[in-house]
Each structure stands twice: as C-alpha cells, then as structure tokens.
>>> print(open('upload_31.txt').read())   # compact mmCIF, C-alpha atoms
# COMPACT_ATOMS: atom_id res chain seq x y z
CA MET S 2 54.91 116.38 71.63
CA SER S 3 57.95 116.68 69.42
CA ASP S 4 60.45 113.82 68.94
CA ASN S 5 63.91 114.96 70.14
CA LYS S 6 65.71 111.62 69.71
CA SER S 7 67.87 112.90 66.88
CA SER S 8 69.21 115.75 69.04
CA LYS S 9 70.06 113.70 72.14
CA PRO S 10 73.78 113.47 72.93
CA GLY S 11 75.42 110.17 72.12
CA THR S 12 73.16 109.23 69.19
CA PRO S 13 74.67 107.83 65.96
CA LYS S 14 73.97 111.16 64.28
CA ASP S 15 75.97 113.09 66.89
CA THR S 16 78.80 110.57 66.67
CA HIS S 17 78.91 111.02 62.89
CA TYR S 18 79.18 114.82 63.17
CA ALA S 19 81.84 114.52 65.90
CA LYS S 20 83.95 112.38 63.57
CA LEU S 21 83.54 114.93 60.77
CA ARG S 22 84.59 117.80 63.05
CA ARG S 23 87.63 115.84 64.29
CA ALA S 24 88.65 114.96 60.72
CA HIS S 25 88.33 118.63 59.73
CA ARG S 26 90.55 119.73 62.62
CA ASP S 27 93.15 117.07 61.81
CA GLN S 28 93.17 118.12 58.16
CA LYS S 29 93.78 121.78 59.09
CA ALA S 30 96.61 120.69 61.42
CA GLY S 31 98.29 118.67 58.71
CA GLY S 32 96.83 115.25 59.45
CA ALA S 33 96.12 113.07 62.45
CA PRO S 34 98.97 112.81 64.96
CA ALA S 35 101.13 109.74 64.37
CA PHE S 36 101.08 107.02 67.03
CA ARG S 37 104.37 106.96 68.85
CA PRO S 38 104.94 103.87 70.98
CA ARG S 39 106.82 104.35 74.20
CA GLN S 40 110.49 103.67 73.77
CA PRO S 41 111.79 100.89 76.05
CA VAL S 42 114.33 101.83 78.71
CA LEU S 43 117.34 99.53 78.88
CA PRO S 44 118.77 98.42 82.24
CA GLY S 45 121.48 100.63 83.71
CA GLU S 46 124.76 99.55 85.23
CA GLY S 47 124.75 96.64 87.64
CA PRO S 48 124.97 96.96 91.43
CA ALA S 49 128.23 97.42 93.30
CA ASP S 50 130.32 94.32 93.93
CA GLY S 51 128.87 92.09 96.62
CA LEU S 52 125.31 93.42 96.25
CA VAL S 53 122.16 92.28 94.45
CA ARG S 54 119.16 94.30 93.37
CA LEU S 55 115.73 92.98 94.32
CA TYR S 56 112.43 94.55 93.30
CA GLY S 57 108.68 94.08 93.51
CA LEU S 58 106.32 94.51 96.45
CA HIS S 59 106.24 90.88 97.65
CA THR S 60 109.97 90.46 97.19
CA VAL S 61 110.91 93.61 99.09
CA ARG S 62 108.34 93.08 101.85
CA ALA S 63 109.76 89.62 102.53
CA ALA S 64 113.31 91.01 102.49
CA LEU S 65 112.36 93.73 104.98
CA ASP S 66 110.91 91.09 107.30
CA ASN S 67 113.95 88.80 107.05
CA PRO S 68 116.48 89.52 109.84
CA ARG S 69 119.18 87.70 107.84
CA ARG S 70 118.83 90.08 104.91
CA LYS S 71 121.30 93.01 105.04
CA ILE S 72 119.77 95.85 103.03
CA LYS S 73 121.98 98.78 102.04
CA ARG S 74 119.68 101.03 100.01
CA MET S 75 116.06 101.42 98.91
CA LEU S 76 114.44 103.37 96.11
CA VAL S 77 110.67 103.60 96.55
CA THR S 78 107.75 105.58 95.17
CA ARG S 79 105.23 107.20 97.49
CA ASN S 80 102.52 104.75 96.39
CA ALA S 81 104.76 101.71 96.91
CA ALA S 82 105.77 102.94 100.37
CA GLU S 83 102.10 103.13 101.32
CA ARG S 84 101.45 99.62 99.97
CA LEU S 85 104.44 98.33 101.94
CA ALA S 86 103.01 100.02 105.07
CA ILE S 87 106.18 102.07 105.57
CA GLY S 88 105.06 105.13 107.48
CA ASP S 89 108.39 106.85 108.12
CA LEU S 90 111.13 106.23 105.59
CA SER S 91 113.68 108.03 107.77
CA ALA S 92 113.17 105.44 110.53
CA LEU S 93 114.62 102.65 108.39
CA SER S 94 118.17 101.54 109.18
CA PHE S 95 119.44 101.96 105.62
CA MET S 96 119.54 104.74 103.04
CA THR S 97 116.13 105.33 101.47
CA GLU S 98 115.18 107.62 98.61
CA LEU S 99 111.67 108.64 97.51
CA VAL S 100 111.59 108.50 93.70
CA GLU S 101 109.35 108.34 90.64
CA PRO S 102 108.75 105.04 88.76
CA LYS S 103 110.89 106.27 85.85
CA ASP S 104 113.88 106.58 88.18
CA ILE S 105 113.71 102.86 88.93
CA ASP S 106 113.14 102.12 85.23
CA LYS S 107 116.55 103.65 84.55
CA ILE S 108 118.13 101.04 86.82
CA THR S 109 116.10 97.90 86.11
CA GLY S 110 114.97 98.68 82.58
CA SER S 111 111.32 99.29 81.71
CA ASP S 112 110.63 95.55 81.15
CA ALA S 113 111.15 94.77 84.84
CA VAL S 114 107.93 94.77 86.89
CA HIS S 115 109.38 96.60 89.88
CA GLN S 116 106.05 97.96 91.19
CA GLY S 117 107.75 101.11 92.43
CA VAL S 118 110.34 99.67 94.78
CA LEU S 119 113.92 98.41 94.54
CA ILE S 120 116.49 97.50 97.16
CA GLU S 121 120.22 96.84 97.02
CA ALA S 122 121.27 94.19 99.52
CA GLU S 123 123.86 91.57 100.28
CA PRO S 124 122.94 88.15 98.86
CA LEU S 125 121.88 85.49 101.34
CA LYS S 126 124.67 83.07 102.16
CA PRO S 127 123.98 79.47 101.07
CA LYS S 128 124.02 76.88 103.85
CA ARG S 129 125.87 73.60 104.11
CA LEU S 130 124.17 70.23 103.73
CA ASP S 131 125.08 69.26 107.30
CA THR S 132 122.84 72.11 108.52
CA LEU S 133 119.74 70.60 106.91
CA GLY S 134 117.90 70.00 110.17
CA ASP S 135 114.93 67.69 110.72
CA THR S 136 112.80 68.51 107.67
CA LYS S 137 111.00 65.64 105.94
CA LEU S 138 110.83 67.15 102.46
CA VAL S 139 113.55 68.75 100.34
CA LEU S 140 113.95 69.65 96.70
CA VAL S 141 117.14 69.00 94.73
CA LEU S 142 117.94 70.68 91.39
CA ASP S 143 120.37 69.06 88.97
CA GLN S 144 121.76 72.01 87.00
CA VAL S 145 118.50 73.92 86.51
CA THR S 146 119.86 77.27 85.32
CA ASP S 147 116.87 79.43 84.29
CA PRO S 148 116.28 82.03 87.06
CA HIS S 149 112.57 82.26 86.20
CA ASN S 150 112.18 78.51 86.72
CA VAL S 151 114.25 78.45 89.91
CA GLY S 152 112.26 81.37 91.31
CA ALA S 153 108.96 79.62 90.54
CA ILE S 154 110.32 76.41 92.10
CA LEU S 155 111.29 78.30 95.26
CA ARG S 156 107.75 79.66 95.49
CA SER S 157 106.24 76.16 95.22
CA ALA S 158 108.79 74.72 97.67
CA VAL S 159 107.86 77.28 100.32
CA GLY S 160 104.15 76.85 99.60
CA PHE S 161 104.31 73.09 100.17
CA GLY S 162 106.55 73.29 103.21
CA ALA S 163 109.84 71.97 101.83
CA GLY S 164 112.67 72.52 104.28
CA ALA S 165 115.42 73.31 101.78
CA LEU S 166 116.36 73.75 98.16
CA ILE S 167 119.63 72.01 97.27
CA THR S 168 121.57 73.16 94.21
CA THR S 169 125.05 72.72 92.81
CA ALA S 170 127.67 75.45 93.23
CA ARG S 171 128.15 75.48 89.46
CA HIS S 172 125.46 75.55 86.76
CA SER S 173 122.88 77.17 89.02
CA PRO S 174 121.62 80.77 88.79
CA GLN S 175 122.92 83.34 91.23
CA GLU S 176 120.55 85.38 93.35
CA SER S 177 119.11 88.17 91.22
CA GLY S 178 116.14 90.46 90.78
CA VAL S 179 114.65 88.17 88.13
CA LEU S 180 114.94 85.09 90.34
CA ALA S 181 113.63 86.89 93.42
CA LYS S 182 110.67 88.44 91.54
CA SER S 183 109.71 85.00 90.18
CA ALA S 184 109.95 83.61 93.72
CA SER S 185 107.58 86.36 94.97
CA GLY S 186 109.17 86.55 98.42
CA ALA S 187 109.92 82.84 98.81
CA LEU S 188 113.66 83.52 98.59
CA GLU S 189 113.55 84.75 102.18
CA HIS S 190 111.62 81.76 103.57
CA ILE S 191 113.62 78.64 102.71
CA ASP S 192 117.14 77.40 103.36
CA GLN S 193 119.23 77.23 100.22
CA ILE S 194 121.98 74.63 100.35
CA GLU S 195 124.84 74.63 97.88
CA VAL S 196 126.90 71.49 97.19
CA LYS S 197 129.95 70.84 95.03
CA ASN S 198 129.16 67.26 94.07
CA LEU S 199 125.51 66.31 93.66
CA ALA S 200 126.08 62.54 93.74
CA ASP S 201 127.92 62.86 97.07
CA ALA S 202 125.11 65.07 98.40
CA LEU S 203 122.51 62.45 97.42
CA GLY S 204 124.57 59.88 99.32
CA GLN S 205 124.48 62.10 102.40
CA LEU S 206 120.72 62.41 102.04
CA HIS S 207 120.48 58.59 101.93
CA ASP S 208 122.54 58.41 105.12
CA ALA S 209 120.13 60.89 106.72
CA GLY S 210 117.18 58.62 105.92
CA PHE S 211 115.88 60.32 102.78
CA GLN S 212 114.43 58.49 99.84
CA THR S 213 115.70 60.34 96.74
CA ILE S 214 113.31 60.27 93.79
CA GLY S 215 114.43 61.52 90.40
CA LEU S 216 111.67 62.92 88.19
CA ASP S 217 111.90 61.48 84.69
CA SER S 218 109.17 61.43 82.03
CA GLU S 219 110.37 57.92 81.08
CA GLY S 220 110.55 56.64 84.66
CA SER S 221 109.31 53.10 85.16
CA ALA S 222 107.12 53.89 88.18
CA GLU S 223 104.36 56.41 88.77
CA LEU S 224 105.46 59.04 91.28
CA GLU S 225 102.65 58.40 93.76
CA LYS S 226 103.44 54.66 93.82
CA SER S 227 107.16 55.15 94.37
CA PHE S 228 107.01 56.91 97.76
CA ALA S 229 108.31 55.01 100.76
CA GLY S 230 109.45 56.11 104.20
CA GLY S 231 108.89 59.39 105.96
CA LYS S 232 111.60 61.59 104.40
CA ILE S 233 111.60 62.46 100.69
CA ALA S 234 114.02 64.36 98.46
CA LEU S 235 112.64 65.17 95.01
CA VAL S 236 115.33 65.55 92.33
CA LEU S 237 114.62 67.49 89.13
CA GLY S 238 116.84 68.01 86.10
CA ALA S 239 117.33 70.87 83.68
CA GLU S 240 114.95 71.71 80.87
CA GLY S 241 115.65 69.56 77.85
CA LYS S 242 118.58 67.59 79.30
CA GLY S 243 116.77 66.22 82.33
CA LEU S 244 118.74 64.41 85.01
CA ARG S 245 122.41 63.70 84.35
CA GLN S 246 123.42 60.05 84.05
CA LYS S 247 125.34 60.04 87.35
CA THR S 248 122.30 61.48 89.11
CA ARG S 249 120.03 58.86 87.54
CA GLU S 250 122.35 56.13 88.82
CA THR S 251 122.50 57.57 92.34
CA VAL S 252 118.86 58.32 93.23
CA THR S 253 116.78 55.72 95.07
CA ALA S 254 114.17 55.62 92.29
CA LEU S 255 113.25 57.17 88.97
CA ALA S 256 109.59 58.09 88.71
CA ARG S 257 107.28 59.80 86.26
CA LEU S 258 104.24 61.99 86.63
CA ASP S 259 101.30 60.03 85.24
CA MET S 260 100.03 62.20 82.37
CA PRO S 261 97.25 60.64 80.27
CA GLY S 262 97.08 63.56 77.84
CA ALA S 263 98.87 64.14 74.55
CA ILE S 264 101.73 66.05 76.24
CA ARG S 265 103.98 63.75 78.26
CA SER S 266 106.14 66.22 80.17
CA LEU S 267 105.87 69.52 82.04
CA ASN S 268 107.99 72.59 82.48
CA VAL S 269 110.40 71.89 85.38
CA SER S 270 108.75 74.44 87.67
CA ASN S 271 105.29 72.93 87.03
CA ALA S 272 106.66 69.42 87.57
CA ALA S 273 108.16 70.59 90.86
CA ALA S 274 104.80 71.95 92.07
CA VAL S 275 102.90 68.76 91.18
CA SER S 276 105.50 66.45 92.71
CA LEU S 277 105.76 68.56 95.89
CA TYR S 278 101.99 68.33 96.32
CA ALA S 279 102.06 64.54 95.93
CA ALA S 280 105.02 64.12 98.29
CA ARG S 281 103.53 66.39 100.96
CA LYS S 282 100.24 64.49 100.80
CA PHE S 283 102.05 61.15 101.21
CA ILE S 284 104.08 62.41 104.17
CA ALA S 285 100.98 63.82 105.86
CA ASN S 286 99.11 60.52 105.45
CA SER S 287 102.09 58.59 106.83
CA GLU S 288 102.30 60.55 110.08
>>> encode(input="upload_31.txt", output="structure tokens")
Amino acid sequence: MSDNKSSKPGTPKDTHYAKLRRAHRDQKAGGAPAFRPRQPVLPGEGPADGLVRLYGLHTVRAALDNPRRKIKRMLVTRNAAERLAIGDLSALSFMTELVEPKDIDKITGSDAVHQGVLIEAEPLKPKRLDTLGDTKLVLVLDQVTDPHNVGAILRSAVGFGAGALITTARHSPQESGVLAKSASGALEHIDQIEVKNLADALGQLHDAGFQTIGLDSEGSAELEKSFAGGKIALVLGAEGKGLRQKTRETVTALARLDMPGAIRSLNVSNAAAVSLYAARKFIANSE
C-alpha cells in the first residue's frame, strides 16, 4: 500500500506550495494589496431643537415601551426591527424608515454602537422633589457630569430599586444618546428629579425622613455601619473633586466604602453600585 500522506490536502507541503503560488500571483500583480483600514465616519448634524437622539436595542426597546416617551422618528435596519419584535413598521404611530447600518453611521458616527436602530424623541421632563413619593431609597449626584458615568449609575439605580435620581439643574449632563446607551434602557424606568440648590434639597429629604449619606473615601465611618432608619439617600460627588464642601456639611453622615486593597477609591459609577447594594440590603433587613 502506498503512502499518500504527502498528497493529502492541508499538509505542510501543500501549505508551502499555496504560499508560493500566492506570492507569485502578487508579484505579477505588482505586489500584495496594501491593508486599508476602514475610515471612521464622523457624527452628522445634531437633532432638531427640542429633540434627542437615542440608539441601541435596549435603549430603544425601553423607549418604545414607555408611554411618557414621545417619539417622532425611527431609523431601523431589517435585522434590528426583527430583534425588537416589530412586525409592521407602518403600524407605529411615528415616522419610521427602513435603512442600512451605514445610514445610521452618518448620523451618529461610526464609533457609536447603535445596533441598527435610532430614534428621535422629546427628552423626558425632570420631576420636582415634592413628587418623590414613598420610595425608601434615592440616589443624589453632586455635579457628576460625565454622561457615561451617569448612564451607568442610572442602570445600577434601577437594578437595585432606587425610586429616583436627584441631580442639580446645572453641572449635570443633559439627556443624550451616550447617556441613554450607557443606561441600557434604565433612563425610562426611574424618576429623574432636578433641583436648583442641592443643600436645600438635602434639607427637604431630611424633612421627609431620609438619612443622607455622603460617600467619601476619607469618611470616618464604614458605609455599612452608618445606616440608620428606613429611608436612605446616597450622595455621590464628581470624579476627582468629590463632594462639595457645602454638601459635606449638610449630609447626615460621611461614610467610606471599606476597601482593604491597595486602591482606596472607585469610579463613581462603581461606588454607586456597591453602595446601592449595601443600602438595599440594610433596608430589606430592617423591614
């Protein structure tokens, strides 16, 4: 019986000859084709006045399910429409256009992970502090301005059942596609309350029975040991600056996350998630 191993496809010998043939063809054609990276697409013009653009499957699905969200227009690929379980685009109450991914790239820029769908809608109207309701857990942001961080914080707040996110009218990010994509749909599931003066708002929370706890890496007490009462407002400051002095003087307590490792502080969105978990656990055990 003859040995045919050397003639079997895929052997090192065949691979060697394939490389030689390819090199010969490239040489006849003037050399191997140069690698040309895909050129990035820059974002187009912004939306019309009074509208925001939101994109991504989770973000848009949550917006579609939110009766308070007034959508004006949708651009969607056939694949994204199927993933959103939209059977008949013409049945929607707003203008809808079936497009290719590159058409959305021209609007958002190619760096945006739009997943084949974009909507233009009116922003949600912030609520007043006196509409807070009977929630036992809220989150307060002291001039946190990064939309990626605020979006991630919104996601954690909804996940741990916080009743509202309280921000200042100034030095807080406006609703945007970046913020909404980072929130992954959470933007539609939590009350957002806007206040002019944070110290006054903290005073109103005290009057409503909330213990306000400011997160500070140098706080004298561990967070878990500082909880008291059945209603908690967690207050977080901006990256780098932390809580402002007036805020530090107004909160019920300053507390730190106990971190035994070499790094003594967390990104504000990570700190929010950890502190929300601890606060929710304390509230549940107190009921």
>>> closest_residue(input="upload_31.txt", among="S:Thr213, S:Thr78, S:Thr132, S:Ser183", to="S:Ala256", atoms="all atoms listed in the file")
S:Thr213
>>> atom_distance(input="upload_31.txt", atom1="atom CA of S:Ala239", atom2="atom CA of S:Thr168")
11.6 Å
>>> closest_residue(input="upload_31.txt", among="S:Pro127, S:Gly110, S:Gly57, S:Gly243", to="S:Ile167", atoms="only C-alpha atoms")
S:Pro127
>>> closest_residue(input="upload_31.txt", among="S:Ile214, S:His172, S:Pro41, S:Ala82", to="S:Val145", atoms="all atoms listed in the file")
S:His172
>>> residues_around(input="upload_31.txt", residues="S:Gln144", least_positions_apart="6", cutoff="12 Å", atoms="all atoms listed in the file", output="count of residues only")
27
>>> residues_around(input="upload_31.txt", residues="S:Pro44", least_positions_apart="4", cutoff="10 Å", atoms="only C-alpha atoms", output="CSV table (one decimal) with C-alpha atoms, in the coordinates of the input")
chain,number,residue,atom,x,y,z
S,105,ILE,CA,113.7,102.9,88.9
S,106,ASP,CA,113.1,102.1,85.2
S,107,LYS,CA,116.6,103.6,84.6
S,108,ILE,CA,118.1,101.0,86.8
S,109,THR,CA,116.1,97.9,86.1
S,110,GLY,CA,115.0,98.7,82.6
S,111,SER,CA,111.3,99.3,81.7
S,112,ASP,CA,110.6,95.6,81.2
S,113,ALA,CA,111.2,94.8,84.8
>>> closest_residue(input="upload_31.txt", among="S:Gly160, S:Gly210, S:Gly215, S:Gly230", to="S:Asp135", atoms="all atoms listed in the file")
S:Gly210
>>> residues_near_point(input="upload_31.txt", point="(119.3, 84.3, 92.3)", cutoff="10 Å", atoms="all atoms listed in the file", output="list in words")
Val53, Leu55, Pro124, Leu125, Thr146, Asp147, Pro148, His149, Val151, Gly152, Ser173, Pro174, Gln175, Glu176, Ser177, Gly178, Val179, Leu180, Ala181, Lys182, Ser183, Ala184 and Leu188 of chain S
>>> residues_near_point(input="upload_31.txt", point="(111.2, 67.8, 110.2)", cutoff="12 Å", atoms="only C-alpha atoms", output="ChimeraX atom specification")
/S:133-139,162-165,209-211,231-233,284-285,288
>>> atom_distance(input="upload_31.txt", atom1="atom CA of S:His115", atom2="atom CA of S:Pro68")
22.3 Å
>>> closest_residue(input="upload_31.txt", among="S:Ala187, S:Met96, S:Val42, S:Leu255", to="S:Asp66", atoms="only C-alpha atoms")
S:Ala187
>>> atom_distance(input="upload_31.txt", atom1="atom CA of S:Ser221", atom2="atom CA of S:Arg257")
7.1 Å
>>> closest_residue(input="upload_31.txt", among="S:Glu189, S:Asp131, S:Asp50, S:Asp208", to="S:Ala158", atoms="all atoms listed in the file")
S:Glu189
>>> residues_around(input="upload_31.txt", residues="S:Asn271", least_positions_apart="5", cutoff="10 Å", atoms="all atoms listed in the file", output="compact mmCIF listing (two decimals) with C-alpha atoms, keeping the file's coordinate frame")
# COMPACT_ATOMS: atom_id res chain seq x y z
CA ASN S 150 112.18 78.51 86.72
CA ALA S 153 108.96 79.62 90.54
CA ILE S 154 110.32 76.41 92.10
CA SER S 157 106.24 76.16 95.22
CA SER S 266 106.14 66.22 80.17
CA SER S 276 105.50 66.45 92.71
CA LEU S 277 105.76 68.56 95.89
>>> build_atoms(input="upload_31.txt", residues="stretch 68-79 of chain S", atoms="all heavy atoms", output="PDB file, keeping the file's coordinate frame")
ATOM      1  N   PRO S  68     115.350  88.970 109.076  1.00  0.00           N
ATOM      2  CA  PRO S  68     116.480  89.520 109.840  1.00  0.00           C
ATOM      3  C   PRO S  68     117.841  89.146 109.272  1.00  0.00           C
ATOM      4  O   PRO S  68     118.845  89.800 109.576  1.00  0.00           O
ATOM      5  CB  PRO S  68     116.266  88.930 111.244  1.00  0.00           C
ATOM      6  CG  PRO S  68     115.411  87.724 111.036  1.00  0.00           C
ATOM      7  CD  PRO S  68     114.546  88.031 109.866  1.00  0.00           C
ATOM      8  N   ARG S  69     117.898  88.093 108.438  1.00  0.00           N
ATOM      9  CA  ARG S  69     119.180  87.700 107.840  1.00  0.00           C
ATOM     10  C   ARG S  69     119.545  88.542 106.632  1.00  0.00           C
ATOM     11  O   ARG S  69     120.685  88.504 106.174  1.00  0.00           O
ATOM     12  CB  ARG S  69     119.133  86.220 107.424  1.00  0.00           C
ATOM     13  CG  ARG S  69     118.976  85.244 108.564  1.00  0.00           C
ATOM     14  CD  ARG S  69     119.301  83.830 108.125  1.00  0.00           C
ATOM     15  NE  ARG S  69     118.434  83.363 107.045  1.00  0.00           N
ATOM     16  CZ  ARG S  69     118.865  82.953 105.863  1.00  0.00           C
ATOM     17  NH1 ARG S  69     120.149  82.958 105.578  1.00  0.00           N
ATOM     18  NH2 ARG S  69     118.020  82.533 104.941  1.00  0.00           N
ATOM     19  N   ARG S  70     118.600  89.295 106.112  1.00  0.00           N
ATOM     20  CA  ARG S  70     118.830  90.080 104.910  1.00  0.00           C
ATOM     21  C   ARG S  70     119.443  91.445 105.283  1.00  0.00           C
ATOM     22  O   ARG S  70     118.841  92.223 106.013  1.00  0.00           O
ATOM     23  CB  ARG S  70     117.542  90.287 104.148  1.00  0.00           C
ATOM     24  CG  ARG S  70     117.648  91.156 102.923  1.00  0.00           C
ATOM     25  CD  ARG S  70     118.481  90.528 101.827  1.00  0.00           C
ATOM     26  NE  ARG S  70     117.753  89.473 101.125  1.00  0.00           N
ATOM     27  CZ  ARG S  70     118.248  88.797 100.088  1.00  0.00           C
ATOM     28  NH1 ARG S  70     119.478  89.043  99.663  1.00  0.00           N
ATOM     29  NH2 ARG S  70     117.529  87.853  99.513  1.00  0.00           N
ATOM     30  N   LYS S  71     120.618  91.751 104.764  1.00  0.00           N
ATOM     31  CA  LYS S  71     121.300  93.010 105.040  1.00  0.00           C
ATOM     32  C   LYS S  71     121.075  93.969 103.868  1.00  0.00           C
ATOM     33  O   LYS S  71     121.714  93.859 102.829  1.00  0.00           O
ATOM     34  CB  LYS S  71     122.785  92.774 105.282  1.00  0.00           C
ATOM     35  CG  LYS S  71     123.065  91.934 106.530  1.00  0.00           C
ATOM     36  CD  LYS S  71     124.544  91.722 106.751  1.00  0.00           C
ATOM     37  CE  LYS S  71     124.795  90.887 107.999  1.00  0.00           C
ATOM     38  NZ  LYS S  71     126.245  90.647 108.223  1.00  0.00           N
ATOM     39  N   ILE S  72     120.143  94.884 104.067  1.00  0.00           N
ATOM     40  CA  ILE S  72     119.770  95.850 103.030  1.00  0.00           C
ATOM     41  C   ILE S  72     120.634  97.096 103.160  1.00  0.00           C
ATOM     42  O   ILE S  72     120.852  97.600 104.260  1.00  0.00           O
ATOM     43  CB  ILE S  72     118.277  96.202 103.134  1.00  0.00           C
ATOM     44  CG1 ILE S  72     117.421  94.932 102.988  1.00  0.00           C
ATOM     45  CG2 ILE S  72     117.887  97.238 102.084  1.00  0.00           C
ATOM     46  CD1 ILE S  72     115.949  95.153 103.249  1.00  0.00           C
ATOM     47  N   LYS S  73     121.112  97.602 102.039  1.00  0.00           N
ATOM     48  CA  LYS S  73     121.980  98.780 102.040  1.00  0.00           C
ATOM     49  C   LYS S  73     121.265 100.034 101.537  1.00  0.00           C
ATOM     50  O   LYS S  73     121.582 101.143 101.953  1.00  0.00           O
ATOM     51  CB  LYS S  73     123.204  98.519 101.155  1.00  0.00           C
ATOM     52  CG  LYS S  73     124.035  97.319 101.588  1.00  0.00           C
ATOM     53  CD  LYS S  73     124.616  97.512 102.981  1.00  0.00           C
ATOM     54  CE  LYS S  73     125.512  96.351 103.380  1.00  0.00           C
ATOM     55  NZ  LYS S  73     126.052  96.510 104.742  1.00  0.00           N
ATOM     56  N   ARG S  74     120.291  99.862 100.642  1.00  0.00           N
ATOM     57  CA  ARG S  74     119.680 101.030 100.010  1.00  0.00           C
ATOM     58  C   ARG S  74     118.315 100.664  99.459  1.00  0.00           C
ATOM     59  O   ARG S  74     118.104  99.538  99.024  1.00  0.00           O
ATOM     60  CB  ARG S  74     120.588 101.512  98.871  1.00  0.00           C
ATOM     61  CG  ARG S  74     120.098 102.717  98.074  1.00  0.00           C
ATOM     62  CD  ARG S  74     121.009 102.927  96.889  1.00  0.00           C
ATOM     63  NE  ARG S  74     120.610 104.059  96.061  1.00  0.00           N
ATOM     64  CZ  ARG S  74     120.767 104.135  94.758  1.00  0.00           C
ATOM     65  NH1 ARG S  74     121.311 103.107  94.097  1.00  0.00           N
ATOM     66  NH2 ARG S  74     120.387 105.193  94.077  1.00  0.00           N
ATOM     67  N   MET S  75     117.393 101.620  99.488  1.00  0.00           N
ATOM     68  CA  MET S  75     116.060 101.420  98.910  1.00  0.00           C
ATOM     69  C   MET S  75     115.666 102.629  98.083  1.00  0.00           C
ATOM     70  O   MET S  75     115.865 103.767  98.504  1.00  0.00           O
ATOM     71  CB  MET S  75     115.009 101.187 100.000  1.00  0.00           C
ATOM     72  CG  MET S  75     113.575 101.144  99.466  1.00  0.00           C
ATOM     73  SD  MET S  75     112.323 101.149 100.767  1.00  0.00           S
ATOM     74  CE  MET S  75     112.366  99.455 101.276  1.00  0.00           C
ATOM     75  N   LEU S  76     115.102 102.360  96.913  1.00  0.00           N
ATOM     76  CA  LEU S  76     114.440 103.370  96.110  1.00  0.00           C
ATOM     77  C   LEU S  76     112.960 103.005  96.086  1.00  0.00           C
ATOM     78  O   LEU S  76     112.608 101.869  95.752  1.00  0.00           O
ATOM     79  CB  LEU S  76     114.988 103.400  94.689  1.00  0.00           C
ATOM     80  CG  LEU S  76     116.486 103.684  94.514  1.00  0.00           C
ATOM     81  CD1 LEU S  76     116.859 103.679  93.037  1.00  0.00           C
ATOM     82  CD2 LEU S  76     116.872 105.000  95.146  1.00  0.00           C
ATOM     83  N   VAL S  77     112.088 103.938  96.428  1.00  0.00           N
ATOM     84  CA  VAL S  77     110.670 103.600  96.550  1.00  0.00           C
ATOM     85  C   VAL S  77     109.805 104.795  96.166  1.00  0.00           C
ATOM     86  O   VAL S  77     110.152 105.944  96.449  1.00  0.00           O
ATOM     87  CB  VAL S  77     110.355 103.130  97.997  1.00  0.00           C
ATOM     88  CG1 VAL S  77     110.584 104.244  99.014  1.00  0.00           C
ATOM     89  CG2 VAL S  77     108.946 102.566  98.104  1.00  0.00           C
ATOM     90  N   THR S  78     108.705 104.527  95.488  1.00  0.00           N
ATOM     91  CA  THR S  78     107.750 105.580  95.170  1.00  0.00           C
ATOM     92  C   THR S  78     106.822 105.790  96.370  1.00  0.00           C
ATOM     93  O   THR S  78     106.717 104.935  97.255  1.00  0.00           O
ATOM     94  CB  THR S  78     106.909 105.222  93.940  1.00  0.00           C
ATOM     95  OG1 THR S  78     106.115 104.051  94.238  1.00  0.00           O
ATOM     96  CG2 THR S  78     107.797 104.929  92.732  1.00  0.00           C
ATOM     97  N   ARG S  79     106.140 106.914  96.375  1.00  0.00           N
ATOM     98  CA  ARG S  79     105.230 107.200  97.490  1.00  0.00           C
ATOM     99  C   ARG S  79     104.118 106.144  97.577  1.00  0.00           C
ATOM    100  O   ARG S  79     103.770 105.677  98.659  1.00  0.00           O
ATOM    101  CB  ARG S  79     104.618 108.596  97.304  1.00  0.00           C
ATOM    102  CG  ARG S  79     103.870 109.112  98.530  1.00  0.00           C
ATOM    103  CD  ARG S  79     103.371 110.530  98.294  1.00  0.00           C
ATOM    104  NE  ARG S  79     104.443 111.442  97.939  1.00  0.00           N
ATOM    105  CZ  ARG S  79     105.259 112.005  98.833  1.00  0.00           C
ATOM    106  NH1 ARG S  79     105.122 111.754 100.121  1.00  0.00           N
ATOM    107  NH2 ARG S  79     106.201 112.842  98.431  1.00  0.00           N
TER     108      ARG S  79
END
